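Novice: Pasting upload-v6.tsv below, which is TSV, C-alpha atoms and all ligand atoms.
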```tsv
chain	number	residue	atom	x	y	z
D	116	MET	CA	51.05	142.33	93.97
D	117	GLU	CA	53.05	145.33	92.76
D	118	THR	CA	56.19	145.05	94.86
D	119	ARG	CA	57.71	141.94	96.30
D	120	GLY	CA	57.35	141.84	100.05
D	121	LYS	CA	54.50	144.35	100.03
D	122	GLU	CA	52.79	142.19	102.65
D	123	GLN	CA	55.64	143.08	105.03
D	124	LEU	CA	54.69	146.78	105.00
D	125	PRO	CA	52.55	148.20	107.81
D	126	ASP	CA	48.83	147.58	107.32
D	127	LEU	CA	47.51	151.14	107.38
D	128	ARG	CA	43.84	150.31	107.88
D	129	ALA	CA	44.64	148.12	110.89
D	130	MET	CA	46.42	150.93	112.76
D	131	THR	CA	44.81	152.62	115.73
D	132	PHE	CA	44.52	156.40	115.64
D	133	GLU	CA	47.56	156.69	117.93
D	134	GLU	CA	49.61	154.44	115.63
D	135	THR	CA	48.48	156.43	112.60
D	136	ALA	CA	49.48	159.65	114.34
D	137	ALA	CA	52.91	158.21	115.19
D	138	LEU	CA	53.41	157.16	111.57
D	139	ILE	CA	52.39	160.56	110.24
D	140	GLY	CA	54.73	162.23	112.75
D	141	SER	CA	57.62	160.00	111.68
D	142	MET	CA	56.98	161.03	108.07
D	143	GLY	CA	57.50	164.66	109.06
D	144	GLU	CA	53.86	165.66	108.54
D	145	LYS	CA	51.69	167.90	110.72
D	146	PRO	CA	49.52	166.13	113.32
D	147	TYR	CA	46.19	167.11	111.67
D	148	ARG	CA	47.17	164.97	108.68
D	149	ALA	CA	46.67	161.92	110.90
D	150	SER	CA	43.03	162.90	111.53
D	151	GLN	CA	42.48	163.43	107.82
D	152	LEU	CA	44.05	160.09	106.93
D	153	PHE	CA	42.22	158.19	109.66
D	154	GLY	CA	38.95	159.81	108.54
D	155	TRP	CA	39.55	158.67	104.95
D	156	LEU	CA	40.31	155.14	106.07
D	157	HIS	CA	37.52	154.58	108.60
D	158	ALA	CA	34.80	157.24	108.23
D	159	ARG	CA	34.83	157.75	104.46
D	160	MET	CA	36.01	154.18	103.92
D	161	ALA	CA	38.27	155.08	101.00
D	162	ALA	CA	39.24	152.26	98.66
D	163	SER	CA	42.44	153.91	97.39
D	164	PHE	CA	44.91	156.68	98.13
D	165	ASP	CA	43.71	158.52	95.00
D	166	GLU	CA	40.45	159.33	96.74
D	167	MET	CA	42.23	161.18	99.54
D	168	THR	CA	42.21	164.45	97.65
D	169	ASP	CA	42.96	166.74	100.57
D	170	LEU	CA	46.28	164.99	101.18
D	171	SER	CA	49.16	166.15	98.98
D	172	ALA	CA	50.14	163.95	96.05
D	173	ASP	CA	53.58	163.70	97.65
D	174	LEU	CA	52.21	162.33	100.94
D	175	ARG	CA	49.88	159.94	99.11
D	176	GLY	CA	52.82	158.71	97.08
D	177	ARG	CA	54.94	158.11	100.15
D	178	LEU	CA	52.08	156.34	101.94
D	179	ALA	CA	51.60	154.10	98.91
D	180	GLU	CA	55.29	153.21	98.99
D	181	GLN	CA	55.73	152.74	102.70
D	182	THR	CA	52.44	151.18	103.73
D	183	ARG	CA	49.81	148.77	102.52
D	184	LEU	CA	46.18	149.78	102.06
D	185	VAL	CA	43.93	146.75	102.43
D	186	THR	CA	40.78	147.04	100.30
D	187	LEU	CA	38.62	144.05	99.48
D	188	GLU	CA	37.25	143.38	96.04
D	189	ALA	CA	33.72	142.05	95.63
D	190	VAL	CA	33.99	139.16	93.17
D	191	GLU	CA	30.38	138.12	93.39
D	192	VAL	CA	27.20	139.56	94.90
D	193	LYS	CA	24.08	137.45	95.26
D	194	CYS	CA	20.74	139.07	95.96
D	195	SER	CA	17.91	137.13	97.52
D	196	ALA	CA	14.66	137.26	95.60
D	197	LYS	CA	12.74	136.57	98.82
D	198	ASP	CA	14.05	139.31	101.09
D	199	GLU	CA	16.67	142.05	101.01
D	200	THR	CA	19.51	139.76	102.03
D	201	LYS	CA	22.68	139.95	99.95
D	202	LYS	CA	25.73	137.74	100.08
D	203	PHE	CA	29.11	139.11	99.09
D	204	LEU	CA	32.12	137.09	98.08
D	205	PHE	CA	35.28	139.14	98.61
D	206	ALA	CA	38.78	138.51	97.33
D	207	LEU	CA	41.46	139.27	99.93
D	208	PRO	CA	44.78	140.84	98.86
D	209	ASP	CA	46.37	137.36	98.73
D	210	GLY	CA	43.56	135.95	96.58
D	211	ASN	CA	41.73	134.02	99.30
D	212	ILE	CA	37.95	134.26	99.13
D	213	ILE	CA	35.64	135.04	102.04
D	214	GLU	CA	31.90	135.48	102.46
D	215	SER	CA	29.91	138.27	104.17
D	216	VAL	CA	26.15	138.76	104.43
D	217	LEU	CA	24.04	141.93	104.49
D	218	MET	CA	20.64	141.68	106.16
D	219	LYS	CA	17.86	144.19	106.64
D	220	TYR	CA	16.09	144.40	109.98
D	221	LYS	CA	13.48	146.79	111.32
D	222	TYR	CA	16.22	148.62	113.20
D	223	GLY	CA	18.59	148.95	110.25
D	224	TRP	CA	21.23	147.18	108.21
D	225	SER	CA	23.29	144.41	109.74
D	226	VAL	CA	26.39	142.76	108.32
D	227	CYS	CA	27.59	139.28	109.23
D	228	ILE	CA	31.35	139.05	108.76
D	229	SER	CA	33.93	136.27	108.60
D	230	SER	CA	36.83	136.27	111.06
D	231	GLN	CA	39.05	133.60	109.46
D	232	VAL	CA	39.54	131.96	106.06
D	233	GLY	CA	37.92	128.63	106.89
D	234	CYS	CA	37.80	127.38	110.47
D	235	ARG	CA	39.53	124.71	112.54
D	236	MET	CA	36.83	124.09	115.14
D	237	GLY	CA	35.22	121.20	113.27
D	238	CYS	CA	31.54	121.62	114.26
D	239	ARG	CA	29.78	118.70	112.59
D	240	PHE	CA	26.94	120.66	110.95
D	241	CYS	CA	28.97	123.60	109.66
D	242	ALA	CA	30.15	124.07	106.06
D	243	SER	CA	32.89	126.60	106.93
D	244	THR	CA	35.06	124.07	108.70
D	245	LEU	CA	35.00	121.23	106.15
D	246	GLN	CA	38.37	122.25	104.70
D	247	GLY	CA	39.95	123.46	107.93
D	248	LYS	CA	41.49	126.88	108.54
D	249	THR	CA	43.65	128.59	105.92
D	250	ARG	CA	44.53	131.68	107.96
D	251	ASP	CA	43.30	134.38	110.32
D	252	LEU	CA	41.84	137.60	108.96
D	253	SER	CA	43.56	140.86	109.86
D	254	ALA	CA	41.61	143.64	111.58
D	255	SER	CA	41.60	145.54	108.28
D	256	GLU	CA	40.12	142.57	106.42
D	257	MET	CA	37.34	142.35	108.99
D	258	LEU	CA	36.64	146.10	108.81
D	259	GLU	CA	36.75	146.09	105.03
D	260	GLN	CA	33.85	143.63	104.77
D	261	ILE	CA	31.70	146.26	106.46
D	262	TYR	CA	33.21	149.27	104.72
D	263	ARG	CA	32.97	147.83	101.20
D	264	ILE	CA	29.35	146.76	101.66
D	265	SER	CA	28.51	150.15	103.09
D	266	VAL	CA	30.09	151.96	100.12
D	267	LEU	CA	28.79	149.57	97.43
D	268	GLU	CA	25.24	149.78	98.75
D	269	GLY	CA	25.35	153.42	99.81
D	270	ILE	CA	24.02	152.59	103.27
D	271	ARG	CA	24.97	153.04	106.90
D	272	ILE	CA	25.57	149.76	108.67
D	273	SER	CA	24.07	149.91	112.14
D	274	HIS	CA	24.85	146.41	113.44
D	275	VAL	CA	27.68	143.94	112.99
D	276	VAL	CA	27.67	140.26	113.89
D	277	VAL	CA	30.90	138.29	113.87
D	278	MET	CA	29.11	135.07	112.97
D	279	GLY	CA	30.45	134.25	109.54
D	280	ALA	CA	33.19	131.74	108.80
D	281	GLY	CA	35.84	131.28	111.45
D	282	GLU	CA	36.10	131.33	115.21
D	283	PRO	CA	36.62	134.95	116.29
D	284	LEU	CA	38.11	134.07	119.68
D	285	ASP	CA	40.69	131.90	117.87
D	286	ASN	CA	41.84	135.19	116.29
D	287	TYR	CA	41.67	137.20	119.48
D	288	ASP	CA	44.15	140.04	118.99
D	289	ASN	CA	42.93	140.92	115.51
D	290	LEU	CA	39.33	140.73	116.72
D	291	LEU	CA	39.98	143.18	119.55
D	292	ARG	CA	41.80	145.56	117.25
D	293	PHE	CA	38.89	145.30	114.82
D	294	ILE	CA	36.28	146.06	117.51
D	295	ARG	CA	38.20	149.04	118.89
D	296	LEU	CA	38.68	150.51	115.40
D	297	LEU	CA	35.02	149.98	114.49
D	298	CYS	CA	33.94	151.75	117.67
D	299	ASP	CA	36.33	154.69	117.26
D	300	PRO	CA	34.19	157.84	117.01
D	301	LYS	CA	36.72	159.25	114.53
D	302	GLY	CA	35.90	156.31	112.24
D	303	ALA	CA	32.67	154.38	111.73
D	304	GLY	CA	31.84	155.04	115.39
D	305	LEU	CA	29.66	152.03	116.10
D	306	SER	CA	28.57	151.43	119.65
D	307	GLY	CA	29.83	148.24	121.26
D	308	ARG	CA	26.19	147.38	121.86
D	309	ALA	CA	25.72	147.13	118.11
D	310	ILE	CA	28.34	144.37	117.83
D	311	THR	CA	27.80	140.67	118.53
D	312	VAL	CA	30.65	138.18	118.70
D	313	SER	CA	29.71	134.51	118.38
D	314	THR	CA	31.94	131.79	119.78
D	315	CYS	CA	31.91	128.01	119.95
D	316	GLY	CA	33.10	128.38	123.54
D	317	LEU	CA	36.85	129.01	123.95
D	318	VAL	CA	36.85	129.34	127.72
D	319	PRO	CA	40.12	131.23	128.44
D	320	GLN	CA	39.28	133.82	125.78
D	321	ILE	CA	35.77	134.34	127.22
D	322	TYR	CA	37.40	135.31	130.54
D	323	ASP	CA	39.84	137.59	128.69
D	324	LEU	CA	37.02	139.24	126.79
D	325	ALA	CA	35.12	139.90	130.02
D	326	LYS	CA	38.04	142.09	131.15
D	327	GLU	CA	38.23	144.24	128.01
D	328	ASP	CA	35.59	146.74	129.06
D	329	LEU	CA	33.54	146.41	125.87
D	330	GLN	CA	29.78	146.66	125.62
D	331	ILE	CA	29.51	143.99	122.94
D	332	THR	CA	27.08	141.07	123.06
D	333	LEU	CA	28.58	137.63	123.47
D	334	ALA	CA	26.76	134.86	121.62
D	335	LEU	CA	27.62	131.37	122.71
D	336	SER	CA	27.04	128.50	120.31
D	337	LEU	CA	25.57	125.97	122.68
D	338	HIS	CA	23.63	123.55	120.45
D	339	ALA	CA	23.15	120.90	123.13
D	340	PRO	CA	22.08	120.85	126.78
D	341	THR	CA	24.49	118.16	127.99
D	342	GLN	CA	28.20	117.52	127.56
D	343	GLU	CA	27.52	114.12	126.04
D	344	LYS	CA	25.29	115.51	123.31
D	345	ARG	CA	27.37	118.61	122.73
D	346	VAL	CA	30.54	116.69	122.07
D	347	ARG	CA	28.79	114.77	119.28
D	348	LEU	CA	28.10	118.02	117.44
D	349	MET	CA	31.09	120.10	118.53
D	350	PRO	CA	34.52	118.47	118.95
D	351	ILE	CA	35.77	121.60	120.78
D	352	ALA	CA	33.59	120.51	123.72
D	353	ARG	CA	36.18	117.85	124.46
D	354	LYS	CA	38.72	120.55	125.23
D	355	TYR	CA	36.26	122.89	126.99
D	356	PRO	CA	33.52	120.85	128.66
D	357	LEU	CA	30.04	122.29	129.02
D	358	PRO	CA	30.14	123.07	132.77
D	359	GLU	CA	33.28	125.19	132.23
D	360	VAL	CA	31.71	127.00	129.29
D	361	ILE	CA	28.59	127.82	131.30
D	362	LYS	CA	30.71	128.99	134.23
D	363	ALA	CA	32.63	131.31	131.90
D	364	CYS	CA	29.35	132.68	130.50
D	365	ARG	CA	28.06	133.42	134.00
D	366	ALA	CA	31.32	135.21	134.78
D	367	TYR	CA	31.04	137.19	131.53
D	368	GLU	CA	27.47	138.20	132.26
D	369	GLN	CA	28.39	139.29	135.78
D	370	ALA	CA	31.52	141.19	134.80
D	371	THR	CA	29.94	143.05	131.90
D	372	GLY	CA	26.27	143.25	132.88
D	373	ARG	CA	25.49	142.14	129.34
D	374	ARG	CA	22.89	139.49	128.69
D	375	ILE	CA	24.33	136.45	126.87
D	376	THR	CA	22.79	135.08	123.70
D	377	PHE	CA	22.80	131.30	123.48
D	378	GLU	CA	22.56	129.98	119.96
D	379	TYR	CA	20.96	126.60	119.61
D	380	SER	CA	20.84	124.98	116.18
D	381	LEU	CA	18.03	122.47	116.24
D	382	VAL	CA	18.97	119.17	114.63
D	383	ARG	CA	16.34	116.50	114.17
D	384	GLY	CA	16.93	113.55	116.43
D	385	GLU	CA	20.06	115.07	118.01
D	386	ASN	CA	18.99	117.86	120.34
D	387	ASP	CA	15.31	118.61	119.70
D	388	THR	CA	13.34	116.54	122.21
D	389	ASP	CA	11.20	117.72	125.11
D	390	GLU	CA	13.82	116.33	127.44
D	391	ASP	CA	16.50	118.40	125.70
D	392	ALA	CA	14.40	121.52	126.23
D	393	ALA	CA	13.98	120.66	129.92
D	394	HIS	CA	17.72	120.10	130.35
D	395	LEU	CA	18.45	123.34	128.56
D	396	ALA	CA	16.10	125.30	130.81
D	397	ARG	CA	17.78	123.83	133.87
D	398	LEU	CA	21.26	124.54	132.51
D	399	LEU	CA	20.52	128.21	131.91
D	400	ARG	CA	18.68	128.86	135.15
D	401	GLY	CA	19.88	132.06	136.79
D	402	ILE	CA	21.80	133.42	133.79
D	403	ARG	CA	20.41	136.60	132.26
D	404	CYS	CA	20.21	135.39	128.72
D	405	HIS	CA	18.34	134.96	125.54
D	406	VAL	CA	18.10	131.78	123.47
D	407	ASN	CA	18.15	131.96	119.68
D	408	LEU	CA	16.88	128.79	118.05
D	409	ILE	CA	18.21	128.09	114.57
D	410	PRO	CA	16.63	125.23	112.64
D	411	VAL	CA	19.81	123.68	111.24
D	412	ASN	CA	20.62	124.55	107.65
D	413	PRO	CA	21.31	121.27	105.88
D	414	VAL	CA	24.86	121.00	104.53
D	415	LYS	CA	25.10	118.59	101.62
D	416	GLU	CA	28.17	116.81	103.02
D	417	ARG	CA	26.28	115.95	106.21
D	418	GLU	CA	23.18	114.04	107.21
D	419	TYR	CA	21.69	116.60	109.58
D	420	ARG	CA	18.14	117.81	109.08
D	421	ALA	CA	16.03	120.43	110.84
D	422	PRO	CA	13.01	119.37	112.87
D	423	ASP	CA	9.65	120.28	111.34
D	424	ARG	CA	8.09	123.63	112.17
D	425	ARG	CA	5.78	122.15	114.81
D	426	ALA	CA	8.66	120.60	116.71
D	427	VAL	CA	10.59	123.89	116.61
D	428	LEU	CA	7.61	125.76	118.05
D	429	ALA	CA	7.10	123.09	120.70
D	430	PHE	CA	10.75	123.42	121.73
D	431	GLN	CA	10.38	127.18	121.97
D	432	ASN	CA	7.18	126.85	123.96
D	433	LYS	CA	8.74	124.51	126.45
D	434	LEU	CA	11.63	126.90	127.08
D	435	GLU	CA	9.32	129.88	127.39
D	436	LYS	CA	7.26	128.08	130.00
D	437	SER	CA	10.44	127.79	132.05
D	438	GLY	CA	10.80	131.55	131.90
D	439	ILE	CA	13.47	131.69	129.22
D	440	ASN	CA	13.48	134.39	126.61
D	441	VAL	CA	13.49	132.64	123.20
D	442	THR	CA	13.42	133.67	119.58
D	443	ILE	CA	13.55	131.58	116.45
D	444	ARG	CA	16.11	132.82	113.94
D	445	ARG	CA	14.29	134.25	110.98
D	446	GLU	CA	15.53	132.47	107.88
D	447	MET	CA	17.01	134.91	105.43
D	448	GLY	CA	18.44	134.52	101.99
D	449	THR	CA	17.81	130.78	101.94
D	450	ASP	CA	17.65	130.97	98.14
D	451	ILE	CA	21.22	132.32	97.85
D	452	GLY	CA	23.53	129.73	99.28
D	453	GLY	CA	21.76	128.47	102.39
D	454	ALA	CA	23.96	127.78	105.35
D	455	CYS	CA	27.03	129.57	106.57
D	456	GLY	CA	29.95	129.18	104.21
D	457	GLN	CA	28.04	127.39	101.48
D	458	LEU	CA	28.17	130.14	98.90
D	459	ARG	CA	31.95	130.42	99.27
D	460	LYS	CA	32.30	126.69	99.04
D	461	SER	CA	30.26	126.34	95.86
D	462	TYR	CA	32.16	129.29	94.33
D	463	LEU	CA	35.51	127.62	95.06
D	464	GLU	CA	34.26	124.30	93.69
D	465	GLU	CA	33.15	126.02	90.46
D	466	LYS	CA	36.57	127.72	90.11
D	467	GLU	CA	38.28	124.38	90.59
D	468	LYS	CA	36.27	122.85	87.75
D	469	GLU	CA	37.23	125.70	85.41
Z	501	LIG	N1	32.74	130.15	115.28
Z	501	LIG	C1	31.68	130.96	115.79
Z	501	LIG	C2	30.98	131.82	114.76
Z	501	LIG	C3	30.64	131.24	113.42
Z	501	LIG	S1	29.23	130.24	113.18
Z	501	LIG	C4	30.69	130.11	116.55
Z	501	LIG	O1	30.86	128.90	116.58
Z	501	LIG	O2	29.79	130.66	117.16
Z	501	LIG	C5	27.80	131.17	113.58
Z	501	LIG	C6	26.68	130.32	114.13
Z	501	LIG	O3	26.06	129.52	113.10
Z	501	LIG	C7	27.14	129.34	115.19
Z	501	LIG	O4	26.20	129.27	116.23
Z	501	LIG	C8	27.18	128.05	114.41
Z	501	LIG	O5	27.18	126.95	115.26
Z	501	LIG	C9	25.98	128.19	113.52
Z	501	LIG	N2	25.94	127.31	112.35
Z	501	LIG	C10	26.97	126.91	111.57
Z	501	LIG	N3	26.54	126.10	110.59
Z	501	LIG	C11	25.21	125.99	110.75
Z	501	LIG	C12	24.20	125.27	110.05
Z	501	LIG	N4	24.49	124.52	108.99
Z	501	LIG	N5	22.94	125.39	110.50
Z	501	LIG	C13	22.65	126.17	111.57
Z	501	LIG	N6	23.54	126.85	112.26
Z	501	LIG	C14	24.82	126.77	111.87
```
Just dump the structure as structure tokens.
Specialist:
Amino acid sequence: METRGKEQLPDLRAMTFEETAALIGSMGEKPYRASQLFGWLHARMAASFDEMTDLSADLRGRLAEQTRLVTLEAVEVKCSAKDETKKFLFALPDGNIIESVLMKYKYGWSVCISSQVGCRMGCRFCASTLQGKTRDLSASEMLEQIYRISVLEGIRISHVVVMGAGEPLDNYDNLLRFIRLLCDPKGAGLSGRAITVSTCGLVPQIYDLAKEDLQITLALSLHAPTQEKRVRLMPIARKYPLPEVIKACRAYEQATGRRITFEYSLVRGENDTDEDAAHLARLLRGIRCHVNLIPVNPVKEREYRAPDRRAVLAFQNKLEKSGINVTIRREMGTDIGGACGQLRKSYLEEKEKE
């Protein structure tokens, strides 16, 4: 950190266009400078003020003094030998480390981003929550995961999933700011439809999100068809019981017209029986939705195992027969740090040893 208290300065890359314009105005600059600056930050994804060559050296100097430009540094990139998946470990300005994943699909490049450093939701099968939450990510730190990958790889990112470490709805204001900036046509200009936000089921925030007039997809981490089973896997279910979560999802679907994705991590002996599939089908009756089955990724600190392939297919089959739209999550990059948050965790453990 160059100057003490630098973190107190306004976070330039987290400012809306209107806020950027107000700042530029207050610095005595012409209004079109705001468009140039915003374009550098969000369309050209500049890593430093030096790149902004059509701004005067004087303005760049004053911006560098009066504001903070958040740019992430890739400290490690792991490429899968099996597919085109890449995992990125980024250092944040304060030295914290986060993980992001780049995946290739038929329809384009998708990035899975983190929304917090760690997580405090405590899901039993998840590696990201083992050490609790360190802090929320700012909107700029969420955007930067996408921007840096885009620049490093020289590609256009077409889809973003907020499914990495952290609970996005536990960082609501920054998440909304992030989505609005990402969708700004003067910046990266993604469509809301290209963004998926995954939540463990924070009910009040699901209702709030339904009112925001966004076209994003909501993914709900369900993982069990009954309250009793869900609470064993997800402690947050104690605070927000299953019937309330489902009610909120129905309300979201009706308010937005967007089909909900239900994520269901299959855990052997916990939630993978025929009876579970039948309960699940009944639970989701009448909701326009899609179920994504994820054979659980074993985390070394936990006992959980995935069912065998046959059992996964049987579960899918049973749901389909009840008229539910189901896909099985394609496993990607399993050779480069398996489950969510595992690469970051092993990196931090290595550093500790050194
Ligand atoms: N907090 C958000 C987003 C992060 S997790 C949420 O809970 O949805 C993204 C998805 O991966 C969630 O559905 C989560 O439950 C699931 N997940 C986490 N660890 C997993 C593991 N080891 N195996 C399979 N799915 C996992």
Novice: Hey, which bits of chain D sit within 7 Å of ligand LIG 501 (chain Z), and for each residue what's the closest pair of atoms and how far apart in Å (one decimal), counting all atoms listed in the file, rows by chain and increasing number, as a Markdown table?
Specialist:
```
| residue | atom | partner | partner_atom | distance |
| --- | --- | --- | --- | --- |
| D:Cys238 | CA | Z:LIG501 | O5 | 7.0 |
| D:Phe240 | CA | Z:LIG501 | N4 | 5.0 |
| D:Cys241 | CA | Z:LIG501 | N3 | 3.6 |
| D:Ala242 | CA | Z:LIG501 | N3 | 6.1 |
| D:Val277 | CA | Z:LIG501 | C2 | 6.5 |
| D:Met278 | CA | Z:LIG501 | C3 | 4.1 |
| D:Gly279 | CA | Z:LIG501 | C3 | 4.9 |
| D:Ala280 | CA | Z:LIG501 | C3 | 5.3 |
| D:Gly281 | CA | Z:LIG501 | N1 | 5.1 |
| D:Glu282 | CA | Z:LIG501 | N1 | 3.6 |
| D:Pro283 | CA | Z:LIG501 | N1 | 6.3 |
| D:Ser313 | CA | Z:LIG501 | O2 | 4.0 |
| D:Thr314 | CA | Z:LIG501 | O2 | 3.6 |
| D:Cys315 | CA | Z:LIG501 | O1 | 3.6 |
| D:Ala334 | CA | Z:LIG501 | O2 | 6.8 |
| D:Leu335 | CA | Z:LIG501 | O2 | 6.0 |
| D:Ser336 | CA | Z:LIG501 | O4 | 4.2 |
| D:Glu378 | CA | Z:LIG501 | O4 | 5.3 |
| D:Tyr379 | CA | Z:LIG501 | O4 | 6.8 |
| D:Ser380 | CA | Z:LIG501 | C13 | 5.1 |
| D:Ile409 | CA | Z:LIG501 | C13 | 5.7 |
| D:Pro410 | CA | Z:LIG501 | C13 | 6.2 |
| D:Val411 | CA | Z:LIG501 | N5 | 3.6 |
| D:Asn412 | CA | Z:LIG501 | N5 | 3.8 |
| D:Pro413 | CA | Z:LIG501 | N4 | 5.5 |
| D:Val414 | CA | Z:LIG501 | N4 | 5.7 |
| D:Ala454 | CA | Z:LIG501 | N4 | 4.9 |
| D:Cys455 | CA | Z:LIG501 | N3 | 5.3 |
```
Novice: With only C-alpha atoms counted and 9 Å as the cut-off, give the residues of stretch 155-224 of chain D in contact with stretch 138-149 of chain D, each with its shortest interatomic distance in Å and the pair that gives it, as a Markdown table.
Specialist:
```
| residue | atom | partner | partner_atom | distance |
| --- | --- | --- | --- | --- |
| D:Leu170 | CA | D:Arg148 | CA | 7.6 |
| D:Leu174 | CA | D:Glu144 | CA | 8.5 |
| D:Arg177 | CA | D:Met142 | CA | 8.7 |
```
Novice: Check the smallest atom-to-atom distance from each of D:Leu127, D:Phe377, D:Thr182, D:Cys227 to D:Lys202 using all atoms listed in the file, then report the winner.
Specialist: D:Cys227
Novice: Between D:Ala366, D:Leu258, D:Leu348, D:Val226, which is the closest to D:Gly302 once you count all atoms listed in the file?
Specialist: D:Leu258
Novice: Provide the atom CA of D:Gly269 to atom CA of D:Arg292 distance in Å, to one decimal place.
Specialist: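 Taking atom CA of D:Gly269 and atom CA of D:Arg292, their separation equals 25.2 Å.
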Novice: Please report, as CSV, each residue of stretch 157-256 of chain D lying at most 7 Å from stretch 438-450 of chain D, together with the nearest pair of atoms and the separation in Å rounded to one decimal; use only C-alpha atoms, and order rows by chain and ascending residue number.
Specialist:
```
residue,atom,partner,partner_atom,distance
D:Ser195,CA,D:Gly448,CA,5.2
D:Lys197,CA,D:Gly448,CA,6.8
D:Asp198,CA,D:Gly448,CA,6.6
D:Thr200,CA,D:Gly448,CA,5.3
```
Novice: Mind writing the picked residues with C-alpha atoms as a compact mmCIF listing (two decimals), in the coordinates of the input?
Specialist:
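Result written to again.txt:
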```
# COMPACT_ATOMS: atom_id res chain seq x y z
CA SER D 195 17.91 137.13 97.52
CA LYS D 197 12.74 136.57 98.82
CA ASP D 198 14.05 139.31 101.09
CA THR D 200 19.51 139.76 102.03
```
Novice: Identify which of the residues D:Arg345, D:Arg374, D:Arg239, D:Lys415 lies closest to D:Leu395, counting all atoms listed in the file when measuring atom-to-atom distances.
Specialist: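 The closest residue to D:Leu395 is D:Arg345.
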Novice: In Å, rounded to a single decimal, give me how far atom CA of D:Lys301 is from atom CA of D:Ala158.
Specialist: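 The value is 6.9 Å.
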Novice: When you count all atoms listed in the file, which of these residues is closest to D:Ile375: D:His405, D:Lys433, D:Arg400, D:Lys354?
Specialist: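 Going through D:His405, D:Lys433, D:Arg400, D:Lys354 one by one, the smallest distance to D:Ile375 is for D:His405.
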Novice: Just the residues within 10 Å of D:Pro319, please, counting all atoms listed in the file, with nothing from its chain fewer than 3 positions along; format it as a list in words.
Specialist: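 What passes the distance filter is Leu284, Gly316, Tyr322, Asp323, Leu324, Tyr355, Glu359, Val360 and Ala363 of chain D.
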Novice: What gap, in Å, lies between atom CA of D:Ile451 and atom CA of D:Arg383?
Specialist: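 For atom CA of D:Ile451 relative to atom CA of D:Arg383, the distance reads 23.2 Å.
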Novice: Give the answer as one residue: which of D:Leu156, D:Leu463, D:Leu204, D:Leu124 has the shortest atom-to-atom distance to D:Glu180, using all atoms listed in the file?
Specialist: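 Of D:Leu156, D:Leu463, D:Leu204, D:Leu124, the one nearest D:Glu180, counting all atoms listed in the file, is D:Leu124.
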